[in-house]
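K.L.:
Submitted below is the structure of interest, expressed as C-alpha coordinates.
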Amino acid sequence: LKPVRYLGSSRVQKPKLPSTIPAGQDEVIRDAVPPITRKALRKGLLHRAYQLSLTGEYFRAASDCDLVLRLSRDAGDEENTAAAEIESAFVLREVGNLAGALSAINQAVDFYDAHPKNEHGRISAHQARGIIYLMQSDFAHAFESFERALALSEKISYREGIIPALNSLGEVYRTQGQPARALEFYERARKVVADDNAWNMAFIFNNVGMSYEALGDLERAVRSIERARAVAEKAGFRPRIENSLAVLGDLELKRGRPEAASADYEQSLKLARELRDVGGEAQATLGIFTFLIAGHGNSQAQTIDAAAIQDSAASSTTFLPAACTPSRTAVTSPPTAAATTGVPQACASSATRPNDSDQEGMRTRSAAR
(Lines give C-alpha, C1' and ligand atoms only; values in the text may rest on other atoms or scores of the structure.)
Protein backbone atom coordinates (compact mmCIF):
# COMPACT_ATOMS: atom_id res chain seq x y z
CA LEU A 1 0.00 0.00 0.00
CA LYS A 2 1.49 3.34 -1.05
CA PRO A 3 0.60 6.65 0.57
CA VAL A 4 -1.77 9.00 -1.23
CA ARG A 5 0.18 11.72 -3.03
CA TYR A 6 -0.75 15.42 -3.22
CA LEU A 7 0.99 17.92 -5.44
CA GLY A 8 -0.01 20.98 -3.43
CA SER A 9 -2.35 22.63 -5.97
CA SER A 10 -4.59 25.43 -4.72
CA ARG A 11 -7.89 23.65 -5.40
CA VAL A 12 -9.30 21.20 -2.86
CA GLN A 13 -8.56 17.62 -3.84
CA LYS A 14 -10.25 14.40 -2.75
CA PRO A 15 -7.85 11.54 -2.08
CA LYS A 16 -8.24 8.46 -4.19
CA LEU A 17 -8.40 5.59 -1.75
CA PRO A 18 -6.84 2.23 -2.54
CA SER A 19 -9.43 -0.53 -2.21
CA THR A 20 -7.11 -2.46 0.09
CA ILE A 21 -7.21 0.07 2.95
CA PRO A 22 -8.83 -1.61 5.98
CA ALA A 23 -12.17 -0.26 7.12
CA GLY A 24 -11.75 2.95 9.05
CA GLN A 25 -8.38 4.02 7.69
CA ASP A 26 -10.12 5.79 4.82
CA GLU A 27 -11.94 7.95 7.38
CA VAL A 28 -8.62 9.22 8.70
CA ILE A 29 -7.62 10.30 5.21
CA ARG A 30 -10.98 11.83 4.32
CA ASP A 31 -11.14 13.77 7.58
CA ALA A 32 -7.76 15.36 6.96
CA VAL A 33 -7.63 18.83 5.44
CA PRO A 34 -6.13 18.59 1.89
CA PRO A 35 -3.47 18.86 0.76
CA ILE A 36 -2.52 16.15 3.24
CA THR A 37 1.15 15.44 3.86
CA ARG A 38 2.59 11.99 4.29
CA LYS A 39 3.61 12.81 7.84
CA ALA A 40 0.10 14.03 8.69
CA LEU A 41 -1.31 10.79 7.31
CA ARG A 42 1.04 8.71 9.46
CA LYS A 43 0.26 10.72 12.59
CA GLY A 44 -3.47 10.55 11.90
CA LEU A 45 -3.41 6.79 11.57
CA LEU A 46 -1.24 6.43 14.66
CA HIS A 47 -3.62 8.56 16.71
CA ARG A 48 -6.50 6.41 15.49
CA ALA A 49 -4.62 3.27 16.57
CA TYR A 50 -4.21 4.84 20.00
CA GLN A 51 -7.95 5.56 20.24
CA LEU A 52 -8.82 2.02 19.15
CA SER A 53 -6.50 0.51 21.75
CA LEU A 54 -8.18 2.54 24.47
CA THR A 55 -11.47 0.81 23.74
CA GLY A 56 -9.94 -2.67 23.36
CA GLU A 57 -10.15 -2.92 19.56
CA TYR A 58 -6.65 -4.32 19.41
CA PHE A 59 -6.82 -6.07 16.05
CA ARG A 60 -7.96 -2.92 14.26
CA ALA A 61 -5.30 -0.96 16.10
CA ALA A 62 -2.69 -3.49 14.99
CA SER A 63 -3.68 -2.96 11.36
CA ASP A 64 -3.12 0.78 11.68
CA CYS A 65 0.18 0.28 13.49
CA ASP A 66 1.46 -2.02 10.77
CA LEU A 67 0.57 0.52 8.10
CA VAL A 68 2.22 3.40 9.99
CA LEU A 69 5.37 1.36 10.53
CA ARG A 70 5.66 0.61 6.81
CA LEU A 71 4.97 4.20 5.78
CA SER A 72 7.37 5.62 8.37
CA ARG A 73 10.19 3.26 7.44
CA ASP A 74 9.69 3.94 3.74
CA ALA A 75 9.89 7.68 4.47
CA GLY A 76 12.95 7.29 6.71
CA ASP A 77 11.01 8.89 9.58
CA GLU A 78 12.75 7.34 12.59
CA GLU A 79 10.84 9.33 15.20
CA ASN A 80 7.43 8.33 13.84
CA THR A 81 8.69 4.76 13.54
CA ALA A 82 9.64 4.76 17.23
CA ALA A 83 6.25 6.15 18.23
CA ALA A 84 4.54 3.44 16.17
CA GLU A 85 6.72 0.78 17.80
CA ILE A 86 5.52 1.89 21.24
CA GLU A 87 1.89 1.60 20.15
CA SER A 88 2.58 -1.68 18.39
CA ALA A 89 4.27 -3.06 21.52
CA PHE A 90 1.16 -2.31 23.55
CA VAL A 91 -1.12 -4.04 21.05
CA LEU A 92 1.18 -7.07 20.76
CA ARG A 93 1.31 -7.36 24.52
CA GLU A 94 -2.46 -7.22 24.85
CA VAL A 95 -2.91 -10.09 22.37
CA GLY A 96 -0.31 -12.18 24.19
CA ASN A 97 2.78 -11.75 22.00
CA LEU A 98 5.21 -10.67 24.71
CA ALA A 99 8.31 -11.54 22.70
CA GLY A 100 7.13 -9.39 19.79
CA ALA A 101 6.15 -6.59 22.17
CA LEU A 102 9.57 -6.58 23.84
CA SER A 103 11.35 -6.57 20.48
CA ALA A 104 9.31 -3.57 19.31
CA ILE A 105 9.74 -1.57 22.52
CA ASN A 106 13.48 -2.24 22.67
CA GLN A 107 13.85 -0.60 19.28
CA ALA A 108 11.86 2.40 20.48
CA VAL A 109 13.95 2.69 23.67
CA ASP A 110 17.17 2.56 21.64
CA PHE A 111 15.96 5.40 19.41
CA TYR A 112 14.77 7.67 22.22
CA ASP A 113 17.87 7.07 24.36
CA ALA A 114 19.96 8.10 21.34
CA HIS A 115 17.72 11.18 20.87
CA PRO A 116 17.14 12.38 24.46
CA LYS A 117 15.69 15.72 23.38
CA ASN A 118 12.38 13.92 22.79
CA GLU A 119 11.77 13.60 26.51
CA HIS A 120 8.12 12.55 26.35
CA GLY A 121 8.84 9.77 23.89
CA ARG A 122 11.71 8.54 26.01
CA ILE A 123 9.57 8.45 29.14
CA SER A 124 6.83 6.59 27.33
CA ALA A 125 9.23 3.99 25.93
CA HIS A 126 10.77 3.16 29.32
CA GLN A 127 7.32 3.00 30.93
CA ALA A 128 6.04 0.62 28.26
CA ARG A 129 9.10 -1.62 28.51
CA GLY A 130 8.64 -1.85 32.27
CA ILE A 131 5.12 -3.18 31.82
CA ILE A 132 6.32 -5.94 29.50
CA TYR A 133 9.00 -6.92 31.99
CA LEU A 134 6.35 -6.97 34.71
CA MET A 135 4.20 -9.34 32.65
CA GLN A 136 7.22 -11.60 32.29
CA SER A 137 7.70 -11.51 36.09
CA ASP A 138 11.08 -9.86 35.52
CA PHE A 139 10.64 -7.61 38.51
CA ALA A 140 14.18 -6.25 38.67
CA HIS A 141 14.13 -4.94 35.11
CA ALA A 142 10.54 -3.73 35.50
CA PHE A 143 11.47 -1.74 38.59
CA GLU A 144 14.49 -0.28 36.83
CA SER A 145 12.38 0.82 33.84
CA PHE A 146 9.71 2.44 36.01
CA GLU A 147 12.30 4.24 38.14
CA ARG A 148 13.88 5.56 34.94
CA ALA A 149 10.51 6.78 33.66
CA LEU A 150 9.79 8.41 37.02
CA ALA A 151 13.16 10.15 37.22
CA LEU A 152 12.86 11.51 33.68
CA SER A 153 9.30 12.69 34.36
CA GLU A 154 10.14 14.38 37.65
CA LYS A 155 13.07 16.14 36.03
CA ILE A 156 10.70 18.04 33.72
CA SER A 157 7.68 18.04 36.09
CA TYR A 158 5.73 15.90 33.63
CA ARG A 159 2.71 14.68 35.60
CA GLU A 160 1.47 12.50 32.71
CA GLY A 161 4.65 10.47 33.15
CA ILE A 162 4.85 10.67 36.94
CA ILE A 163 1.38 9.17 37.50
CA PRO A 164 1.83 5.91 35.56
CA ALA A 165 5.39 5.46 36.81
CA LEU A 166 4.28 5.67 40.46
CA ASN A 167 1.33 3.38 39.83
CA SER A 168 3.58 0.87 38.08
CA LEU A 169 6.13 0.87 40.88
CA GLY A 170 3.24 0.02 43.18
CA GLU A 171 2.38 -2.88 40.89
CA VAL A 172 5.89 -4.27 41.20
CA TYR A 173 5.53 -4.37 44.99
CA ARG A 174 1.97 -5.74 44.88
CA THR A 175 2.80 -8.59 42.52
CA GLN A 176 5.70 -9.55 44.78
CA GLY A 177 3.45 -9.84 47.81
CA GLN A 178 4.03 -6.43 49.40
CA PRO A 179 0.57 -4.81 49.17
CA ALA A 180 1.13 -2.37 52.03
CA ARG A 181 4.21 -0.96 50.30
CA ALA A 182 2.29 -0.85 47.02
CA LEU A 183 -0.45 1.28 48.60
CA GLU A 184 2.12 3.96 49.38
CA PHE A 185 2.90 4.37 45.68
CA TYR A 186 -0.77 4.31 44.65
CA GLU A 187 -1.48 7.07 47.16
CA ARG A 188 1.37 9.16 45.75
CA ALA A 189 -0.04 8.69 42.25
CA ARG A 190 -3.52 9.61 43.48
CA LYS A 191 -2.23 12.85 44.98
CA VAL A 192 -0.65 13.81 41.65
CA VAL A 193 -3.92 13.10 39.82
CA ALA A 194 -5.79 15.20 42.40
CA ASP A 195 -9.21 14.21 41.02
CA ASP A 196 -10.88 10.92 41.98
CA ASN A 197 -13.13 11.15 38.92
CA ALA A 198 -10.25 11.50 36.46
CA TRP A 199 -9.92 8.73 33.87
CA ASN A 200 -6.62 7.40 35.25
CA MET A 201 -8.20 6.71 38.63
CA ALA A 202 -9.88 3.71 36.98
CA PHE A 203 -6.48 2.04 37.08
CA ILE A 204 -5.26 3.35 40.42
CA PHE A 205 -8.48 2.41 42.25
CA ASN A 206 -8.28 -1.06 40.70
CA ASN A 207 -4.79 -1.62 42.08
CA VAL A 208 -5.74 -0.20 45.47
CA GLY A 209 -8.59 -2.70 45.61
CA MET A 210 -6.32 -5.60 44.71
CA SER A 211 -3.94 -4.56 47.47
CA TYR A 212 -6.69 -4.42 50.08
CA GLU A 213 -7.80 -7.86 48.95
CA ALA A 214 -4.28 -9.17 49.54
CA LEU A 215 -4.37 -7.58 53.00
CA GLY A 216 -7.66 -9.37 53.75
CA ASP A 217 -9.81 -6.22 53.87
CA LEU A 218 -12.51 -7.35 51.45
CA GLU A 219 -14.92 -4.50 52.17
CA ARG A 220 -12.39 -1.82 51.25
CA ALA A 221 -11.31 -3.91 48.29
CA VAL A 222 -14.85 -4.04 46.90
CA ARG A 223 -15.35 -0.31 47.41
CA SER A 224 -12.15 0.47 45.53
CA ILE A 225 -12.92 -1.85 42.62
CA GLU A 226 -16.43 -0.45 42.35
CA ARG A 227 -14.95 3.05 42.13
CA ALA A 228 -12.56 1.83 39.45
CA ARG A 229 -15.45 0.36 37.49
CA ALA A 230 -17.50 3.56 37.78
CA VAL A 231 -14.66 5.70 36.43
CA ALA A 232 -14.01 3.18 33.63
CA GLU A 233 -17.66 3.24 32.59
CA LYS A 234 -17.64 7.02 32.52
CA ALA A 235 -14.50 7.04 30.37
CA GLY A 236 -15.66 4.20 28.10
CA PHE A 237 -12.70 1.93 28.95
CA ARG A 238 -14.33 -1.40 28.14
CA PRO A 239 -11.24 -3.55 28.85
CA ARG A 240 -11.02 -1.98 32.32
CA ILE A 241 -14.73 -2.63 32.93
CA GLU A 242 -14.22 -6.25 31.90
CA ASN A 243 -11.32 -6.67 34.29
CA SER A 244 -13.04 -4.94 37.19
CA LEU A 245 -16.03 -7.26 36.86
CA ALA A 246 -13.80 -10.35 37.04
CA VAL A 247 -12.03 -9.02 40.13
CA LEU A 248 -15.38 -8.19 41.73
CA GLY A 249 -16.45 -11.77 41.06
CA ASP A 250 -13.45 -12.98 43.04
CA LEU A 251 -14.25 -10.66 45.90
CA GLU A 252 -17.95 -11.48 46.02
CA LEU A 253 -17.14 -15.18 46.12
CA LYS A 254 -14.79 -14.62 49.03
CA ARG A 255 -17.47 -12.58 50.80
CA GLY A 256 -19.92 -15.47 50.52
CA ARG A 257 -22.12 -13.90 47.83
CA PRO A 258 -22.07 -16.51 45.03
CA GLU A 259 -25.01 -15.05 43.08
CA ALA A 260 -23.31 -11.67 42.80
CA ALA A 261 -20.02 -13.38 41.88
CA SER A 262 -21.70 -15.37 39.12
CA ALA A 263 -23.29 -12.24 37.63
CA ASP A 264 -19.95 -10.40 37.65
CA TYR A 265 -18.09 -13.28 36.00
CA GLU A 266 -20.75 -13.66 33.30
CA GLN A 267 -20.68 -9.94 32.46
CA SER A 268 -16.89 -10.00 32.32
CA LEU A 269 -16.92 -13.04 30.02
CA LYS A 270 -19.46 -11.40 27.72
CA LEU A 271 -17.32 -8.27 27.39
CA ALA A 272 -14.16 -10.31 26.83
CA ARG A 273 -15.78 -12.17 23.95
CA GLU A 274 -17.07 -8.95 22.42
CA LEU A 275 -13.55 -7.51 22.57
CA ARG A 276 -11.97 -10.77 21.37
CA ASP A 277 -9.79 -10.60 24.47
CA VAL A 278 -8.41 -14.11 24.90
CA GLY A 279 -6.70 -13.33 28.20
CA GLY A 280 -9.82 -11.68 29.56
CA GLU A 281 -11.91 -14.66 28.50
CA ALA A 282 -9.51 -16.98 30.31
CA GLN A 283 -9.70 -14.76 33.37
CA ALA A 284 -13.52 -14.81 33.48
CA THR A 285 -13.77 -18.52 32.63
CA LEU A 286 -11.44 -19.44 35.46
CA GLY A 287 -13.56 -17.30 37.76
CA ILE A 288 -16.70 -19.15 36.73
CA PHE A 289 -14.94 -22.47 37.21
CA THR A 290 -13.86 -21.43 40.70
CA PHE A 291 -17.50 -20.56 41.38
CA LEU A 292 -18.54 -24.05 40.30
CA ILE A 293 -15.93 -26.02 42.22
CA ALA A 294 -16.85 -24.06 45.33
CA GLY A 295 -20.16 -25.89 45.15
CA HIS A 296 -22.32 -23.22 43.52
CA GLY A 297 -24.38 -23.37 40.35
CA ASN A 298 -26.33 -26.20 38.76
CA SER A 299 -27.24 -25.78 35.12
CA GLN A 300 -24.22 -23.52 34.68
CA ALA A 301 -21.96 -26.50 35.15
CA GLN A 302 -23.22 -27.89 31.86
CA THR A 303 -21.90 -24.87 29.95
CA ILE A 304 -18.23 -25.24 30.85
CA ASP A 305 -16.49 -28.47 29.94
CA ALA A 306 -13.04 -29.68 30.96
CA ALA A 307 -11.47 -28.80 27.60
CA ALA A 308 -12.62 -25.21 27.92
CA ILE A 309 -11.12 -24.96 31.38
CA GLN A 310 -7.81 -26.40 30.25
CA ASP A 311 -7.75 -23.98 27.28
CA SER A 312 -8.40 -21.09 29.63
CA ALA A 313 -5.68 -22.28 31.98
CA ALA A 314 -3.23 -22.45 29.09
CA SER A 315 -4.21 -18.94 28.06
CA SER A 316 -3.90 -17.66 31.59
CA THR A 317 -0.28 -18.81 31.85
CA THR A 318 0.41 -16.61 28.83
CA PHE A 319 -1.69 -13.63 29.79
CA LEU A 320 -1.58 -13.62 33.60
CA PRO A 321 2.00 -14.50 34.56
CA ALA A 322 2.85 -11.71 36.98
CA ALA A 323 -0.55 -11.38 38.62
CA CYS A 324 -1.24 -15.08 39.18
CA THR A 325 0.63 -15.90 42.34
CA PRO A 326 0.09 -18.71 44.85
CA SER A 327 -1.27 -16.17 47.34
CA ARG A 328 -4.06 -15.23 44.95
CA THR A 329 -6.08 -18.46 45.04
CA ALA A 330 -9.75 -17.65 44.82
CA VAL A 331 -11.10 -19.96 47.50
CA THR A 332 -9.65 -21.45 50.65
CA SER A 333 -11.91 -24.20 51.96
CA PRO A 334 -13.38 -25.89 48.84
CA PRO A 335 -11.18 -27.99 46.54
CA THR A 336 -8.89 -25.85 44.41
CA ALA A 337 -8.87 -25.86 40.63
CA ALA A 338 -5.40 -27.36 40.76
CA ALA A 339 -6.60 -30.26 42.85
CA THR A 340 -9.65 -30.88 40.68
CA THR A 341 -8.44 -30.52 37.12
CA GLY A 342 -4.72 -29.94 37.10
CA VAL A 343 -5.10 -26.23 36.45
CA PRO A 344 -2.02 -24.58 37.98
CA GLN A 345 -2.88 -23.26 41.43
CA ALA A 346 -1.19 -19.97 40.64
CA CYS A 347 -3.81 -19.35 37.97
CA ALA A 348 -6.83 -20.67 39.79
CA SER A 349 -7.85 -17.09 40.46
CA SER A 350 -9.13 -14.58 37.93
CA ALA A 351 -6.45 -12.11 38.93
CA THR A 352 -5.96 -8.93 36.96
CA ARG A 353 -3.39 -8.85 34.22
CA PRO A 354 -0.72 -6.26 34.99
CA ASN A 355 -1.76 -3.86 32.23
CA ASP A 356 -3.21 -1.16 34.43
CA SER A 357 -0.31 1.22 34.49
CA ASP A 358 0.51 0.97 30.81
CA GLN A 359 -3.04 1.93 29.89
CA GLU A 360 -2.40 5.12 31.83
CA GLY A 361 0.79 5.44 29.86
CA MET A 362 -1.14 5.47 26.60
CA ARG A 363 -1.88 9.12 27.28
CA THR A 364 1.86 9.54 27.74
CA ARG A 365 2.54 7.74 24.48
CA SER A 366 0.35 10.18 22.58
CA ALA A 367 2.73 12.97 23.54
CA ALA A 368 5.47 11.23 21.61
CA ARG A 369 3.63 11.79 18.39
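Convention: chains lettered A, B, ... in C-alpha coordinates order; per-chain residue numbering from 1; ligands numbered from 1 as shown.
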I want to know what sits within 12 Å of Phe139 of chain A, based on only C-alpha atoms, with residues of the same chain fewer than 5 positions away left out; could you give that as a JSON list (two decimals) with N, CA, C and O atoms, in the first residue's frame?
P.N.:
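Generated output (out-v9.json):
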[["chain", "number", "residue", "atom", "x", "y", "z"],
["A", 129, "ARG", "N", 8.23, -0.44, 28.36],
["A", 129, "ARG", "CA", 9.10, -1.62, 28.51],
["A", 129, "ARG", "C", 8.97, -2.21, 29.92],
["A", 129, "ARG", "O", 9.00, -3.44, 30.09],
["A", 130, "GLY", "N", 8.81, -1.35, 30.91],
["A", 130, "GLY", "CA", 8.64, -1.85, 32.27],
["A", 130, "GLY", "C", 7.43, -2.74, 32.41],
["A", 130, "GLY", "O", 7.46, -3.76, 33.10],
["A", 131, "ILE", "N", 6.34, -2.37, 31.74],
["A", 131, "ILE", "CA", 5.12, -3.18, 31.82],
["A", 131, "ILE", "C", 5.34, -4.57, 31.22],
["A", 131, "ILE", "O", 4.87, -5.58, 31.76],
["A", 132, "ILE", "N", 6.05, -4.63, 30.12],
["A", 132, "ILE", "CA", 6.32, -5.94, 29.50],
["A", 132, "ILE", "C", 7.18, -6.80, 30.43],
["A", 132, "ILE", "O", 6.92, -7.99, 30.62],
["A", 133, "TYR", "N", 8.19, -6.18, 31.02],
["A", 133, "TYR", "CA", 9.00, -6.92, 31.99],
["A", 133, "TYR", "C", 8.14, -7.41, 33.16],
["A", 133, "TYR", "O", 8.32, -8.53, 33.65],
["A", 134, "LEU", "N", 7.22, -6.58, 33.61],
["A", 134, "LEU", "CA", 6.35, -6.97, 34.71],
["A", 134, "LEU", "C", 5.50, -8.18, 34.33],
["A", 134, "LEU", "O", 5.31, -9.09, 35.14],
["A", 144, "GLU", "N", 13.49, -1.18, 37.40],
["A", 144, "GLU", "CA", 14.49, -0.28, 36.83],
["A", 144, "GLU", "C", 13.87, 0.61, 35.75],
["A", 144, "GLU", "O", 14.14, 1.82, 35.70],
["A", 145, "SER", "N", 13.02, 0.04, 34.91],
["A", 145, "SER", "CA", 12.38, 0.82, 33.84],
["A", 145, "SER", "C", 11.44, 1.87, 34.41],
["A", 145, "SER", "O", 11.41, 3.02, 33.95],
["A", 146, "PHE", "N", 10.65, 1.49, 35.41],
["A", 146, "PHE", "CA", 9.71, 2.44, 36.01],
["A", 146, "PHE", "C", 10.44, 3.55, 36.76],
["A", 146, "PHE", "O", 10.02, 4.71, 36.72],
["A", 147, "GLU", "N", 11.52, 3.21, 37.45],
["A", 147, "GLU", "CA", 12.30, 4.24, 38.14],
["A", 147, "GLU", "C", 12.91, 5.22, 37.12],
["A", 147, "GLU", "O", 12.96, 6.43, 37.38],
["A", 168, "SER", "N", 2.89, 2.09, 38.51],
["A", 168, "SER", "CA", 3.58, 0.87, 38.08],
["A", 168, "SER", "C", 4.56, 0.38, 39.13],
["A", 168, "SER", "O", 4.70, -0.83, 39.33],
["A", 169, "LEU", "N", 5.25, 1.29, 39.80],
["A", 169, "LEU", "CA", 6.13, 0.87, 40.88],
["A", 169, "LEU", "C", 5.33, 0.19, 41.98],
["A", 169, "LEU", "O", 5.78, -0.80, 42.59],
["A", 170, "GLY", "N", 4.12, 0.69, 42.23],
["A", 170, "GLY", "CA", 3.24, 0.02, 43.18],
["A", 170, "GLY", "C", 2.90, -1.38, 42.73],
["A", 170, "GLY", "O", 2.85, -2.32, 43.54],
["A", 171, "GLU", "N", 2.69, -1.56, 41.42],
["A", 171, "GLU", "CA", 2.38, -2.88, 40.89],
["A", 171, "GLU", "C", 3.52, -3.87, 41.09],
["A", 171, "GLU", "O", 3.29, -5.06, 41.31],
["A", 172, "VAL", "N", 4.75, -3.40, 40.96],
["A", 172, "VAL", "CA", 5.89, -4.27, 41.20],
["A", 172, "VAL", "C", 5.86, -4.81, 42.63],
["A", 172, "VAL", "O", 6.03, -6.01, 42.86],
["A", 173, "TYR", "N", 5.60, -3.93, 43.59],
["A", 173, "TYR", "CA", 5.53, -4.37, 44.99],
["A", 173, "TYR", "C", 4.33, -5.28, 45.22],
["A", 173, "TYR", "O", 4.43, -6.31, 45.91],
["A", 174, "ARG", "N", 3.17, -4.93, 44.64],
["A", 174, "ARG", "CA", 1.97, -5.74, 44.88],
["A", 174, "ARG", "C", 2.13, -7.15, 44.33],
["A", 174, "ARG", "O", 1.77, -8.13, 44.98],
["A", 175, "THR", "N", 2.67, -7.27, 43.13],
["A", 175, "THR", "CA", 2.80, -8.59, 42.52],
["A", 175, "THR", "C", 3.89, -9.43, 43.18],
["A", 175, "THR", "O", 3.97, -10.63, 42.93],
["A", 176, "GLN", "N", 4.71, -8.79, 44.02],
["A", 176, "GLN", "CA", 5.70, -9.55, 44.78],
["A", 176, "GLN", "C", 5.27, -9.79, 46.23],
["A", 176, "GLN", "O", 6.07, -10.17, 47.07],
["A", 177, "GLY", "N", 3.98, -9.54, 46.49],
["A", 177, "GLY", "CA", 3.45, -9.84, 47.81],
["A", 177, "GLY", "C", 3.69, -8.79, 48.87],
["A", 177, "GLY", "O", 3.72, -9.11, 50.06],
["A", 321, "PRO", "N", 0.86, -13.95, 33.84],
["A", 321, "PRO", "CA", 2.00, -14.50, 34.56],
["A", 321, "PRO", "C", 2.37, -13.76, 35.82],
["A", 321, "PRO", "O", 2.67, -14.37, 36.83],
["A", 322, "ALA", "N", 2.38, -12.45, 35.81],
["A", 322, "ALA", "CA", 2.85, -11.71, 36.98],
["A", 322, "ALA", "C", 1.78, -11.61, 38.05],
["A", 322, "ALA", "O", 2.09, -11.53, 39.23],
["A", 323, "ALA", "N", 0.52, -11.58, 37.65],
["A", 323, "ALA", "CA", -0.55, -11.38, 38.62],
["A", 323, "ALA", "C", -0.98, -12.67, 39.29],
["A", 323, "ALA", "O", -1.51, -12.66, 40.38],
["A", 354, "PRO", "N", -1.40, -7.49, 34.59],
["A", 354, "PRO", "CA", -0.72, -6.26, 34.99],
["A", 354, "PRO", "C", -0.63, -5.27, 33.84],
["A", 354, "PRO", "O", 0.44, -4.88, 33.43]]
K.L.:
Do you know which residues are at most 9 Å from Glu219 of chain A counting only C-alpha atoms, after dropping those on the same chain fewer than 6 positions away, and could you put them as a PyMOL selection string?
P.N.:
chain A and resi 212-213+251+255
K.L.:
Which value, in Å to one decimal, gives the distance between atom CA of Val278 of chain A and atom CA of Gly96 of chain A?
P.N.:
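Between atom CA of Val278 of chain A and atom CA of Gly96 of chain A the gap works out to 8.4 Å.
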K.L.:
Run DSSP on the backbone and grab whatever in segment 32-87 of chain A lands in alpha helix (DSSP H); send it over as number ranges by chain.
P.N.:
A: 38-54, 58-75, 78-87
K.L.:
Just how far from atom CA of Glu160 of chain A is atom CA of Arg38 of chain A, in Å to one decimal?
P.N.:
28.4 Å
K.L.:
Would you work out the distance separating atom CA of Gly256 of chain A from atom CA of Asn243 of chain A, expressed in Å to one decimal?
P.N.:
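Taking atom CA of Gly256 of chain A as the start and atom CA of Asn243 of chain A as the end point, the length is 20.4 Å.
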K.L.:
Would you list the contacts of Trp199 of chain A as a list of chain:residue names, taking every protein, DNA or RNA residue within 7 Å and counting only C-alpha atoms, but skipping same-chain residues closer than 5 positions in sequence?
P.N.:
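My reading of the contact set: A:Val231, A:Ala232, A:Ala235.
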K.L.:
Counting only C-alpha atoms, what is within 8 Å of segment 64-67 of chain A, bar same-chain residues fewer than 4 positions away, as a list in words?
P.N.:
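Using only C-alpha atoms, the neighbours found are Gln25, Leu45, Leu46, Arg48, Ala49, Arg60, Leu71, Ala84, Glu85, Glu87 and Ser88 of chain A.
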K.L.:
For Glu154 of chain A, work out the shell of residues within 12 Å, counting only C-alpha atoms and skipping chain neighbours fewer than 3 positions away, then give it as a PyMOL selection string.
P.N.:
chain A and resi 119-120+123+147-151+157-163+165-166+192
